[in-house]
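Below: one structure, written as structure tokens.
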Amino acid sequence: MRTIFFTILFLFFAGSSGAIELTYWTSSNPEEIELGRLLVSQWNQSHPDVQVKMQPIPATQSSEEVLLAAIVSKTTPDVCSNILPAIMGRFTKSKAVLALNAFPDYEKVVIGRTGSKLADLFRSRDGKLYQVPWKCNPVMLVYNTAIFRALGLKPPKTYSDFSKAAETIAADRDNPGRWAMAVSIKTTWWQRLFDFYPFYVAATGGRTLLCNDSAAFNGPGGVAAMTFFRDGFKKRYFPMLGFSGNIFLEGKTAMDVAGPWAIKYYRRLKPGFEFDFAPIPVPDSYKGPVYTYGDPKNIVIFATTKYPKQSWEFVKFLTSKEADLKLLELTNQVPMRSGIVSDPFYGGFFDKNPLLRKAARQAQYVVPMDESQHLVQILDIISGQFEAAAVYAVITPEKALAIAAKKTQALYDYW
Amino acid sequence: MTTGDERKDAIGYAFTAPYILFLLVFTAYPLLFSFYLVFHSWDLITPPEYVGLKNFYFLMHDTDFWQALLNTLIFLAIHIPAQVVFSIMIAMALAEKIVAKTFFRAAFFLPVIISGAVVTILWAKLYSTDTGIFNQLLGLAGIAPVKWLTSTSLAMPSIAVMATWKNMGFYIVLFLAGLLNIPAHLYEVSKIEGTTRWQDFWHITLPLLRPTMLLVVVLSTFGAFSLFIEPYVMTGGGPLNSTMSVVLYMYKHAFLFQHMGYAATIGFALAAIILLVVLIQKKYLDSD
């Protein structure tokens, strides 16, 4: 009897080791789950006193909805690495996230890794940093190299190049019914992050949608980008698809717009598929480096954490040099680390993965979204006008963007 | 009051307590809180701010809301008559002595129990303008592709057809029950009188199905005003807002833009409109 009692007592104390437990939410895509599992297991082995429990963010239309629901119900994790910087305004307004200034070494860690130029893009209006810039997925033009080779095409650099390529693809008698590219006709707000927005950013040399809480997208760059899509739909370079599915992989389209995350995705779904990346095409008159939307995702520590110090240590671990290499290897996404292309530590990886080197080079010319509490609604407004001016061509691009700018102003005036 | 009565009362309260608790937590509280929100601006994460009648003012001047209401009424005008007519026709066929009756009854009910999202995704693929099966079949017959979901005039009727197919099974069951409750001797008498099948339908079946019809119309009205998943998945409210329903518009304001106060205002406005429509329907269908 005494033996049983002591065994139970031993098991009880062995089970409750007194270790701190942190909850870490990661994106729910398979590659990031794999990365999260690996990093968490490495951390847990080397930190028996601070154990991390990883959970993928529940799948939904957008992870932002889940995070907002978690903030409302005060069920946020200690650390989350799937934060869209554009919605940080809401998080900081509600004091849902910790300011990193609370940690004495944050400058050294964040600026040291990312560089002040890029890090400043993520600074909040009060001058504080609430997010650790983690990774980006420069949105680029992807093209099917087999189709391009067969038709003697080069990746289009300008809108005219794109038109010529699209005409050649459409005129290919051996493959009738093939389109240049699939552009979603759906008006879901984030769809515009993969068509209008990167083309707008490229056409304007790196401008974002807003300037001092006013619309900046209704200038010549915005009109040029909108006209590009209007022409594409009008000339049937783009099919009318609600669900584009995998038609790029099926060879029904010759180009796509995606970030380097797509490398793994394409290879998983169609082994042996040949493709390459190129910068987003720009208006014919554009000169200078081609910018794009960086599709960044950052790391935050939520204010509900009971262990800010330990959470910060875990964040530092997630953004370490070794973890960044794993990020590249397992997810094919680019860490926001300055000088990564020339750093010999990553040289071997880039030699084996030239597509990622291209993406990492493009990562030097990326912009995020504006930080605005109305951003989702602004993109929703732009989406509606994109549909009217580009997809159905019932109004001119100038008028569509003027309406969108007026509605954007109304948001700031009313809400 | 005796002690025994008190004990009986206590047992009664104990039995009803779970329901009362459920009612308070999941119905009364959300309803009262929504009413409170009508006069407030709330983004879910910061405290609500009193705005008086501002949400009503915005609703009155919000052209997108009125467009959504008009779209919903168009859906209603196509969906409800189609649902009633086809449900009655199929129910009458299934009430006859036909081969594999049970199979057909189950087959017509099947779409009701399949997940709305799954059915909607399948139909979106069928309807796709450039790659959909419908247009591929039409193409074989030499007919030009139809813009099922990409035309402002066709998108809502296409959704209504899909919703009718999806929901019809439930109403077929209701009509079938109504048909089986009609006394057989009425048809026997009419047979002796030498009436036609059309006269039987018009003078016996239809009048005696009126209570079922009222139930079907009222339930269909609730369902039609709640139109959400079909446009949400298939069109996102497009093209050019032509399939934006009131509930989808309310959802966008609530959960996409975090305008909870305004969404609550839309909700109460919709409830008032549904009440009005149902009262009108009741007036015309409930008269003996």
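Note on naming: chains are A, B, ... as they come in the structure tokens, residues start from 1 per chain, ligands start from 1 in the order shown.
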Against chain A, which residues of chain B fall within 8 Å? For each one I want the closest pair of atoms and the distance in Å (one decimal), counting only C-alpha atoms, rows by chain and increasing residue number, as a Markdown table.
```
| residue | atom | partner | partner_atom | distance |
| --- | --- | --- | --- | --- |
| B:Leu44 | CA | A:Val72 | CA | 6.3 |
| B:Ile45 | CA | A:Val72 | CA | 5.6 |
| B:Thr46 | CA | A:Ser94 | CA | 5.6 |
| B:Ala124 | CA | A:Gly242 | CA | 7.4 |
| B:Lys125 | CA | A:Phe243 | CA | 7.1 |
| B:Ser128 | CA | A:Leu241 | CA | 6.2 |
| B:Thr129 | CA | A:Met240 | CA | 6.3 |
| B:Asp130 | CA | A:Met240 | CA | 6.2 |
| B:Thr131 | CA | A:Leu241 | CA | 7.6 |
| B:Thr150 | CA | A:Met240 | CA | 7.5 |
| B:Met234 | CA | A:Gly242 | CA | 7.2 |
| B:Thr235 | CA | A:Lys186 | CA | 6.3 |
| B:Gly236 | CA | A:Thr187 | CA | 6.0 |
| B:Gly237 | CA | A:Thr187 | CA | 7.7 |
| B:Gly238 | CA | A:Thr187 | CA | 7.0 |
| B:Pro239 | CA | A:Glu387 | CA | 7.3 |
| B:Leu240 | CA | A:Ala388 | CA | 6.2 |
| B:Asn241 | CA | A:Gly384 | CA | 7.9 |
| B:Phe255 | CA | A:Glu65 | CA | 7.2 |
| B:Leu256 | CA | A:Val376 | CA | 7.1 |
| B:Phe257 | CA | A:Gln377 | CA | 5.9 |
```
Would you list the contacts of segment 167-172 of chain A as a PDB file with C-alpha atoms, in the first residue's frame, taking every protein, DNA or RNA residue within 9 Å and counting only C-alpha atoms, but skipping same-chain residues closer than 2 positions in sequence?
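For reference, part_13.pdb as written:
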```
ATOM      1  CA  ILE A 147       5.035  27.597 -72.153  1.00  0.00           C
ATOM      2  CA  PHE A 148       7.278  30.666 -72.403  1.00  0.00           C
ATOM      3  CA  LEU A 151       6.397  30.288 -77.562  1.00  0.00           C
ATOM      4  CA  LEU A 153       8.604  34.522 -74.857  1.00  0.00           C
ATOM      5  CA  PHE A 162       2.584  41.667 -70.983  1.00  0.00           C
ATOM      6  CA  SER A 163       0.084  42.452 -73.736  1.00  0.00           C
ATOM      7  CA  LYS A 164       2.389  41.038 -76.407  1.00  0.00           C
ATOM      8  CA  ALA A 165       2.953  37.875 -74.377  1.00  0.00           C
ATOM      9  CA  ASP A 174      -1.715  24.131 -80.441  1.00  0.00           C
ATOM     10  CA  ASN A 175      -3.237  25.165 -77.122  1.00  0.00           C
ATOM     11  CA  PRO A 176      -6.527  26.931 -77.714  1.00  0.00           C
ATOM     12  CA  GLY A 177      -8.387  28.281 -74.707  1.00  0.00           C
ATOM     13  CA  ARG A 178      -5.259  29.158 -72.763  1.00  0.00           C
ATOM     14  CA  TRP A 179      -5.201  32.494 -70.966  1.00  0.00           C
ATOM     15  CA  ALA A 180      -2.326  34.722 -69.928  1.00  0.00           C
ATOM     16  CA  LYS A 235      -9.116  41.555 -74.270  1.00  0.00           C
ATOM     17  CA  ARG A 236      -9.787  38.206 -72.546  1.00  0.00           C
ATOM     18  CA  TYR A 237      -6.238  37.817 -71.282  1.00  0.00           C
ATOM     19  CA  THR A 253      -2.825  29.986 -67.805  1.00  0.00           C
ATOM     20  CA  ALA A 254       0.797  30.894 -68.443  1.00  0.00           C
TER      21      ALA A 254
END
```
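Atom CA of Gln281 of chain B is found 25.2 Å from atom CA of Trp198 of chain B.
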For the strand (DSSP E) assignment from backbone DSSP, which residues of segment 26-271 of chain B qualify? Please present them as JSON, numbers by chain. {"B": [40, 41, 49, 50]}
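Taking only C-alpha atoms, the non-local environment of Val218 of chain B within 10 Å (same-chain residues fewer than 2 positions away omitted) comprises Ile80, Thr212, Met213, Leu214, Leu215, Val216, Ser220, Thr221, Phe222, Gly223, Ala224, Ile274, Val277, Val278, Leu279, Gln281 and Lys282 of chain B.
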Contacts of Pro85 of chain A within 12 Å, only C-alpha atoms, excl. fewer than 5 positions in-chain, as a tab-separated table (two decimals) with N, CA and C atoms, in the first residue's frame:
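Contents of around37.tsv, as written:
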```tsv
chain	number	residue	atom	x	y	z
A	64	GLU	N	-7.06	36.97	-39.27
A	64	GLU	CA	-7.30	38.21	-38.54
A	64	GLU	C	-8.61	38.14	-37.76
A	90	ARG	N	-5.50	48.20	-34.88
A	90	ARG	CA	-6.58	47.76	-33.99
A	90	ARG	C	-6.03	47.13	-32.71
A	91	PHE	N	-4.97	46.37	-32.89
A	91	PHE	CA	-4.38	45.69	-31.74
A	91	PHE	C	-3.78	46.69	-30.75
A	92	THR	N	-3.09	47.69	-31.29
A	92	THR	CA	-2.44	48.65	-30.40
A	92	THR	C	-3.49	49.55	-29.73
A	119	ALA	N	12.54	48.14	-40.48
A	119	ALA	CA	11.87	48.07	-39.17
A	119	ALA	C	10.97	49.29	-38.97
A	121	LEU	N	9.19	50.80	-41.05
A	121	LEU	CA	7.92	50.65	-41.75
A	121	LEU	C	6.85	50.03	-40.85
A	122	PHE	N	7.32	49.36	-39.80
A	122	PHE	CA	6.38	48.66	-38.92
A	122	PHE	C	6.21	49.37	-37.57
A	123	ARG	N	6.79	50.57	-37.46
A	123	ARG	CA	6.67	51.33	-36.22
A	123	ARG	C	5.27	51.92	-36.14
A	124	SER	N	4.65	51.88	-34.97
A	124	SER	CA	3.30	52.43	-34.84
A	124	SER	C	3.35	53.94	-34.74
A	129	LEU	N	7.56	50.14	-31.31
A	129	LEU	CA	7.46	48.91	-32.09
A	129	LEU	C	6.68	47.90	-31.26
A	130	TYR	N	5.61	47.37	-31.86
A	130	TYR	CA	4.81	46.37	-31.18
A	130	TYR	C	4.95	45.00	-31.85
A	131	GLN	N	5.71	44.96	-32.95
A	131	GLN	CA	5.82	43.71	-33.71
A	131	GLN	C	7.26	43.49	-34.14
A	132	VAL	N	7.63	42.25	-34.18
A	132	VAL	CA	8.96	41.90	-34.68
A	132	VAL	C	8.80	41.55	-36.15
A	133	PRO	N	9.42	42.34	-37.06
A	133	PRO	CA	9.32	41.98	-38.48
A	133	PRO	C	9.93	40.60	-38.68
A	134	TRP	N	9.15	39.67	-39.21
A	134	TRP	CA	9.60	38.28	-39.24
A	134	TRP	C	9.94	37.80	-40.64
A	135	LYS	N	8.91	37.78	-41.51
A	135	LYS	CA	9.15	37.20	-42.84
A	135	LYS	C	8.31	37.94	-43.87
A	136	CYS	N	8.71	37.81	-45.12
A	136	CYS	CA	7.89	38.40	-46.16
A	136	CYS	C	7.82	37.46	-47.35
A	294	GLY	N	5.05	43.30	-50.05
A	294	GLY	CA	5.90	42.30	-49.41
A	294	GLY	C	5.14	41.18	-48.72
A	295	ASP	N	3.83	41.33	-48.53
A	295	ASP	CA	3.02	40.34	-47.82
A	295	ASP	C	3.72	39.89	-46.52
A	296	PRO	N	4.08	40.86	-45.68
A	296	PRO	CA	4.83	40.48	-44.48
A	296	PRO	C	3.93	39.89	-43.39
A	297	LYS	N	4.51	39.06	-42.60
A	297	LYS	CA	3.83	38.53	-41.41
A	297	LYS	C	4.82	38.66	-40.26
A	298	ASN	N	4.33	39.21	-39.17
A	298	ASN	CA	5.21	39.52	-38.05
A	298	ASN	C	4.84	38.78	-36.78
A	299	ILE	N	5.68	38.98	-35.77
A	299	ILE	CA	5.48	38.27	-34.50
A	299	ILE	C	5.11	39.30	-33.42
A	300	VAL	N	4.12	38.95	-32.62
A	300	VAL	CA	3.78	39.83	-31.49
A	300	VAL	C	3.72	39.01	-30.21
A	367	VAL	N	6.98	46.88	-49.88
A	367	VAL	CA	6.29	47.73	-48.90
A	367	VAL	C	5.17	46.90	-48.27
A	368	PRO	N	4.82	47.21	-47.02
A	368	PRO	CA	3.69	46.52	-46.41
A	368	PRO	C	2.39	47.24	-46.76
A	369	MET	N	1.33	46.97	-46.03
A	369	MET	CA	0.10	47.75	-46.17
A	369	MET	C	0.15	48.89	-45.17
A	370	ASP	N	-0.72	49.88	-45.38
A	370	ASP	CA	-0.80	50.96	-44.41
A	370	ASP	C	-1.39	50.42	-43.11
A	371	GLU	N	-0.95	51.02	-42.01
A	371	GLU	CA	-1.56	50.65	-40.73
A	371	GLU	C	-2.76	51.56	-40.53
A	372	SER	N	-3.94	51.00	-40.68
A	372	SER	CA	-5.16	51.80	-40.52
A	372	SER	C	-6.26	50.91	-39.98
A	373	GLN	N	-7.05	51.47	-39.07
A	373	GLN	CA	-8.14	50.68	-38.52
A	373	GLN	C	-9.21	50.41	-39.59
A	375	LEU	N	-8.45	49.66	-42.79
A	375	LEU	CA	-7.80	49.08	-43.96
A	375	LEU	C	-8.64	48.02	-44.68
```
Determine which residues of segment 177-386 of chain A DSSP labels as helix (DSSP H, G or I) from the backbone of this structure, then write them out as a compact mmCIF listing (two decimals) with N, CA and C atoms, in the first residue's frame.
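Heads up, here's the output in states27.txt:
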```
# COMPACT_ATOMS: atom_id res chain seq x y z
N TRP A 189 -11.82 41.19 -49.83
CA TRP A 189 -10.85 42.28 -49.70
C TRP A 189 -9.41 41.88 -49.97
N TRP A 190 -8.98 40.71 -49.47
CA TRP A 190 -7.56 40.36 -49.60
C TRP A 190 -7.19 39.91 -51.01
N GLN A 191 -8.19 39.65 -51.86
CA GLN A 191 -7.84 39.27 -53.25
C GLN A 191 -7.04 40.38 -53.93
N ARG A 192 -7.34 41.62 -53.56
CA ARG A 192 -6.67 42.75 -54.22
C ARG A 192 -5.20 42.86 -53.82
N LEU A 193 -4.80 42.11 -52.79
CA LEU A 193 -3.38 42.11 -52.40
C LEU A 193 -2.54 41.32 -53.40
N PHE A 194 -3.22 40.58 -54.28
CA PHE A 194 -2.50 39.76 -55.25
C PHE A 194 -2.82 40.16 -56.70
N PHE A 196 -4.45 44.07 -57.84
CA PHE A 196 -4.34 45.53 -57.95
C PHE A 196 -3.21 46.10 -57.09
N TYR A 197 -3.11 45.67 -55.84
CA TYR A 197 -2.17 46.33 -54.94
C TYR A 197 -0.70 46.17 -55.37
N PRO A 198 -0.19 44.96 -55.63
CA PRO A 198 1.22 44.89 -56.06
C PRO A 198 1.48 45.65 -57.36
N PHE A 199 0.50 45.65 -58.27
CA PHE A 199 0.69 46.39 -59.52
C PHE A 199 0.68 47.89 -59.26
N TYR A 200 -0.14 48.31 -58.30
CA TYR A 200 -0.18 49.73 -57.91
C TYR A 200 1.15 50.13 -57.26
N VAL A 201 1.63 49.27 -56.36
CA VAL A 201 2.91 49.55 -55.68
C VAL A 201 4.03 49.64 -56.72
N ALA A 202 4.02 48.71 -57.67
CA ALA A 202 5.07 48.72 -58.70
C ALA A 202 4.97 49.97 -59.58
N ALA A 203 3.73 50.33 -59.92
CA ALA A 203 3.55 51.47 -60.83
C ALA A 203 3.90 52.80 -60.17
N PRO A 220 -1.97 58.85 -60.88
CA PRO A 220 -1.65 58.18 -62.16
C PRO A 220 -1.25 56.70 -62.00
N GLY A 221 -0.52 56.39 -60.94
CA GLY A 221 -0.09 54.99 -60.74
C GLY A 221 -1.29 54.07 -60.54
N GLY A 222 -2.24 54.52 -59.73
CA GLY A 222 -3.45 53.72 -59.48
C GLY A 222 -4.26 53.54 -60.75
N VAL A 223 -4.39 54.64 -61.51
CA VAL A 223 -5.15 54.58 -62.77
C VAL A 223 -4.46 53.62 -63.74
N ALA A 224 -3.13 53.70 -63.80
CA ALA A 224 -2.38 52.82 -64.72
C ALA A 224 -2.61 51.36 -64.36
N ALA A 225 -2.51 51.04 -63.06
CA ALA A 225 -2.70 49.65 -62.63
C ALA A 225 -4.12 49.18 -62.92
N MET A 226 -5.10 50.03 -62.62
CA MET A 226 -6.50 49.65 -62.84
C MET A 226 -6.75 49.45 -64.34
N THR A 227 -6.17 50.33 -65.16
CA THR A 227 -6.35 50.22 -66.62
C THR A 227 -5.72 48.93 -67.15
N PHE A 228 -4.59 48.54 -66.55
CA PHE A 228 -3.94 47.29 -66.95
C PHE A 228 -4.92 46.12 -66.79
N PHE A 229 -5.59 46.07 -65.64
CA PHE A 229 -6.52 44.96 -65.41
C PHE A 229 -7.78 45.09 -66.27
N ARG A 230 -8.23 46.31 -66.47
CA ARG A 230 -9.40 46.54 -67.31
C ARG A 230 -9.13 46.01 -68.74
N ASP A 231 -7.95 46.37 -69.25
CA ASP A 231 -7.58 45.91 -70.60
C ASP A 231 -7.48 44.39 -70.66
N GLY A 232 -6.91 43.83 -69.60
CA GLY A 232 -6.73 42.37 -69.56
C GLY A 232 -8.06 41.62 -69.61
N PHE A 233 -9.04 42.11 -68.85
CA PHE A 233 -10.36 41.46 -68.88
C PHE A 233 -11.06 41.71 -70.22
N LYS A 234 -10.91 42.94 -70.70
CA LYS A 234 -11.57 43.32 -71.96
C LYS A 234 -11.05 42.49 -73.12
N TRP A 261 6.23 31.56 -51.27
CA TRP A 261 5.57 30.44 -50.59
C TRP A 261 5.01 29.45 -51.62
N ALA A 262 4.72 29.97 -52.82
CA ALA A 262 4.10 29.14 -53.85
C ALA A 262 5.05 28.06 -54.37
N ILE A 263 6.35 28.24 -54.16
CA ILE A 263 7.32 27.27 -54.68
C ILE A 263 6.98 25.87 -54.16
N LYS A 264 6.85 25.78 -52.83
CA LYS A 264 6.54 24.49 -52.21
C LYS A 264 5.18 23.99 -52.66
N TYR A 265 4.25 24.92 -52.73
CA TYR A 265 2.87 24.59 -53.09
C TYR A 265 2.82 23.99 -54.49
N TYR A 266 3.45 24.67 -55.45
CA TYR A 266 3.44 24.17 -56.82
C TYR A 266 4.13 22.80 -56.89
N ARG A 267 5.27 22.70 -56.23
CA ARG A 267 6.04 21.45 -56.32
C ARG A 267 5.30 20.29 -55.66
N ARG A 268 4.57 20.61 -54.59
CA ARG A 268 3.82 19.56 -53.90
C ARG A 268 2.68 19.06 -54.79
N LEU A 269 1.96 20.03 -55.40
CA LEU A 269 0.80 19.65 -56.20
C LEU A 269 1.17 19.11 -57.57
N PRO A 308 6.03 37.76 -19.91
CA PRO A 308 6.58 38.56 -21.01
C PRO A 308 8.06 38.28 -21.28
N LYS A 309 8.84 38.14 -20.22
CA LYS A 309 10.29 37.91 -20.39
C LYS A 309 10.56 36.62 -21.16
N GLN A 310 9.89 35.57 -20.71
CA GLN A 310 10.09 34.27 -21.35
C GLN A 310 9.57 34.30 -22.80
N SER A 311 8.46 35.02 -23.00
CA SER A 311 7.91 35.13 -24.36
C SER A 311 8.90 35.84 -25.27
N TRP A 312 9.52 36.89 -24.74
CA TRP A 312 10.50 37.65 -25.52
C TRP A 312 11.69 36.77 -25.89
N GLU A 313 12.12 35.96 -24.92
CA GLU A 313 13.24 35.04 -25.21
C GLU A 313 12.85 34.07 -26.32
N PHE A 314 11.61 33.61 -26.28
CA PHE A 314 11.14 32.67 -27.31
C PHE A 314 11.08 33.36 -28.68
N VAL A 315 10.64 34.63 -28.67
CA VAL A 315 10.59 35.40 -29.94
C VAL A 315 12.00 35.55 -30.50
N LYS A 316 12.96 35.83 -29.62
CA LYS A 316 14.35 35.96 -30.08
C LYS A 316 14.84 34.65 -30.70
N PHE A 317 14.41 33.54 -30.10
CA PHE A 317 14.78 32.23 -30.63
C PHE A 317 14.16 32.01 -32.02
N LEU A 318 12.89 32.44 -32.16
CA LEU A 318 12.20 32.26 -33.45
C LEU A 318 12.84 33.08 -34.57
N LYS A 321 19.35 33.44 -36.27
CA LYS A 321 19.95 33.15 -37.57
C LYS A 321 19.62 31.72 -38.03
N GLU A 322 19.71 30.79 -37.07
CA GLU A 322 19.45 29.39 -37.40
C GLU A 322 17.97 29.17 -37.72
N ALA A 323 17.11 29.84 -36.94
CA ALA A 323 15.67 29.68 -37.18
C ALA A 323 15.30 30.27 -38.54
N ASP A 324 15.96 31.36 -38.91
CA ASP A 324 15.69 31.97 -40.22
C ASP A 324 16.07 31.02 -41.36
N LEU A 325 17.15 30.26 -41.17
CA LEU A 325 17.53 29.29 -42.21
C LEU A 325 16.45 28.21 -42.32
N LYS A 326 15.96 27.78 -41.17
CA LYS A 326 14.90 26.77 -41.18
C LYS A 326 13.64 27.34 -41.85
N LEU A 327 13.37 28.62 -41.59
CA LEU A 327 12.21 29.29 -42.22
C LEU A 327 12.34 29.23 -43.74
N LEU A 328 13.54 29.52 -44.22
CA LEU A 328 13.79 29.46 -45.66
C LEU A 328 13.62 28.03 -46.19
N GLU A 329 14.25 27.10 -45.48
CA GLU A 329 14.27 25.71 -45.95
C GLU A 329 12.89 25.07 -45.94
N LEU A 330 12.17 25.27 -44.84
CA LEU A 330 10.91 24.54 -44.70
C LEU A 330 9.72 25.24 -45.33
N THR A 331 9.72 26.57 -45.37
CA THR A 331 8.53 27.26 -45.87
C THR A 331 8.78 28.00 -47.18
N PRO A 344 27.09 34.71 -46.05
CA PRO A 344 27.55 33.36 -46.40
C PRO A 344 26.80 32.25 -45.66
N PHE A 345 26.24 32.60 -44.49
CA PHE A 345 25.51 31.59 -43.71
C PHE A 345 24.35 31.01 -44.54
N TYR A 346 23.77 31.87 -45.40
CA TYR A 346 22.62 31.43 -46.20
C TYR A 346 23.02 31.12 -47.65
N GLY A 347 24.33 31.35 -47.94
CA GLY A 347 24.80 31.19 -49.32
C GLY A 347 24.52 29.81 -49.90
N GLY A 348 24.81 28.78 -49.11
CA GLY A 348 24.59 27.41 -49.57
C GLY A 348 23.14 27.17 -49.95
N PHE A 349 22.26 27.71 -49.12
CA PHE A 349 20.82 27.51 -49.39
C PHE A 349 20.43 28.20 -50.69
N PHE A 350 20.89 29.45 -50.85
CA PHE A 350 20.51 30.18 -52.06
C PHE A 350 21.12 29.57 -53.33
N ASP A 351 22.33 28.97 -53.17
CA ASP A 351 22.94 28.31 -54.33
C ASP A 351 22.06 27.16 -54.82
N LYS A 352 21.49 26.45 -53.83
CA LYS A 352 20.65 25.30 -54.19
C LYS A 352 19.25 25.76 -54.60
N PRO A 354 17.89 28.87 -56.37
CA PRO A 354 18.01 30.18 -57.03
C PRO A 354 16.70 30.97 -57.07
N LEU A 355 15.56 30.27 -57.06
CA LEU A 355 14.28 31.00 -57.06
C LEU A 355 14.14 31.82 -55.79
N LEU A 356 14.61 31.24 -54.68
CA LEU A 356 14.54 31.95 -53.40
C LEU A 356 15.50 33.13 -53.37
N ARG A 357 16.62 33.00 -54.08
CA ARG A 357 17.56 34.13 -54.15
C ARG A 357 16.87 35.31 -54.85
N LYS A 358 16.12 35.00 -55.92
CA LYS A 358 15.38 36.05 -56.62
C LYS A 358 14.38 36.73 -55.68
N ALA A 359 13.69 35.89 -54.92
CA ALA A 359 12.68 36.43 -53.99
C ALA A 359 13.35 37.27 -52.90
N ALA A 360 14.51 36.80 -52.42
CA ALA A 360 15.22 37.53 -51.37
C ALA A 360 15.74 38.87 -51.91
N ARG A 361 16.14 38.90 -53.17
CA ARG A 361 16.57 40.17 -53.79
C ARG A 361 15.38 41.12 -53.89
N GLN A 362 14.24 40.57 -54.33
CA GLN A 362 13.04 41.40 -54.45
C GLN A 362 12.62 41.94 -53.07
N ALA A 363 12.94 41.16 -52.03
CA ALA A 363 12.54 41.55 -50.67
C ALA A 363 13.17 42.87 -50.23
N GLN A 364 14.20 43.30 -50.95
CA GLN A 364 14.79 44.62 -50.64
C GLN A 364 13.91 45.76 -51.12
N TYR A 365 12.98 45.44 -52.02
CA TYR A 365 12.09 46.46 -52.58
C TYR A 365 10.63 46.07 -52.34
N LEU A 375 -8.45 49.66 -42.79
CA LEU A 375 -7.80 49.08 -43.96
C LEU A 375 -8.64 48.02 -44.68
N VAL A 376 -9.24 47.14 -43.91
CA VAL A 376 -10.04 46.07 -44.53
C VAL A 376 -11.18 46.68 -45.34
N GLN A 377 -11.82 47.70 -44.76
CA GLN A 377 -12.94 48.32 -45.48
C GLN A 377 -12.45 49.09 -46.71
N ILE A 378 -11.27 49.70 -46.59
CA ILE A 378 -10.71 50.42 -47.75
C ILE A 378 -10.44 49.42 -48.88
N LEU A 379 -9.85 48.27 -48.53
CA LEU A 379 -9.60 47.26 -49.57
C LEU A 379 -10.90 46.71 -50.12
N ASP A 380 -11.91 46.63 -49.26
CA ASP A 380 -13.23 46.18 -49.72
C ASP A 380 -13.81 47.20 -50.71
N ILE A 381 -13.64 48.47 -50.40
CA ILE A 381 -14.12 49.52 -51.31
C ILE A 381 -13.37 49.44 -52.64
N ILE A 382 -12.05 49.33 -52.56
CA ILE A 382 -11.25 49.25 -53.79
C ILE A 382 -11.66 48.01 -54.60
N SER A 383 -11.92 46.91 -53.88
CA SER A 383 -12.35 45.68 -54.54
C SER A 383 -13.64 45.90 -55.32
N GLY A 384 -14.58 46.59 -54.71
CA GLY A 384 -15.85 46.88 -55.38
C GLY A 384 -15.63 47.71 -56.64
N GLN A 385 -14.75 48.69 -56.55
CA GLN A 385 -14.48 49.56 -57.70
C GLN A 385 -13.63 48.85 -58.75
N PHE A 386 -12.77 47.93 -58.29
CA PHE A 386 -11.97 47.11 -59.21
C PHE A 386 -12.93 46.27 -60.06
```
Give me, as number ranges by chain, all polymer residues having an atom no more than 9 Å from Asp213 of chain A, counting only C-alpha atoms and skipping those fewer than 4 positions away in the same chain. A: 372, 408-409, 412
Generate a file of the selected residues that holds N, CA and C atoms, formatted as a PDB file, in the first residue's frame.
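Saved to again05.pdb:
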```
ATOM      1  N   SER A 372      -3.945  51.002 -40.683  1.00  0.00           N
ATOM      2  CA  SER A 372      -5.160  51.798 -40.524  1.00  0.00           C
ATOM      3  C   SER A 372      -6.258  50.910 -39.983  1.00  0.00           C
ATOM      4  N   THR A 408     -13.447  56.278 -49.066  1.00  0.00           N
ATOM      5  CA  THR A 408     -12.396  56.138 -48.043  1.00  0.00           C
ATOM      6  C   THR A 408     -12.421  57.341 -47.101  1.00  0.00           C
ATOM      7  N   GLN A 409     -12.577  58.530 -47.694  1.00  0.00           N
ATOM      8  CA  GLN A 409     -12.639  59.742 -46.866  1.00  0.00           C
ATOM      9  C   GLN A 409     -13.843  59.686 -45.931  1.00  0.00           C
ATOM     10  N   TYR A 412     -13.236  57.856 -42.699  1.00  0.00           N
ATOM     11  CA  TYR A 412     -12.546  58.617 -41.651  1.00  0.00           C
ATOM     12  C   TYR A 412     -13.480  59.663 -41.050  1.00  0.00           C
TER      13      TYR A 412
END
```
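You will find atom CA of Ala258 of chain A at 20.2 Å from atom CA of Ile33 of chain A.
With distances restricted to only C-alpha atoms, B:Met260 is the closest residue to Tyr36 of chain B from B:Ser226, B:Met260, B:Ala100, B:Gly142.
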Val85 of chain B surroundings by only C-alpha atoms, 12 Å radius, close-in-sequence under 2 positions cut, as a PyMOL selection string: chain B and resi 78-83+87-92+164+168+171-172+175+206+213+216-217
Near Asn101 of chain A, counting only C-alpha atoms, which residues have an atom at most 8 Å away, once you skip same-chain residues fewer than 4 positions from it, shown as an MDAnalysis selection string? chainID A and resid 106:107 128:129
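If only C-alpha atoms are the atoms counted, then among B:Ser115, B:Gln136, B:Thr195, B:Thr243 the closest residue to Ile159 of chain B is B:Thr243.
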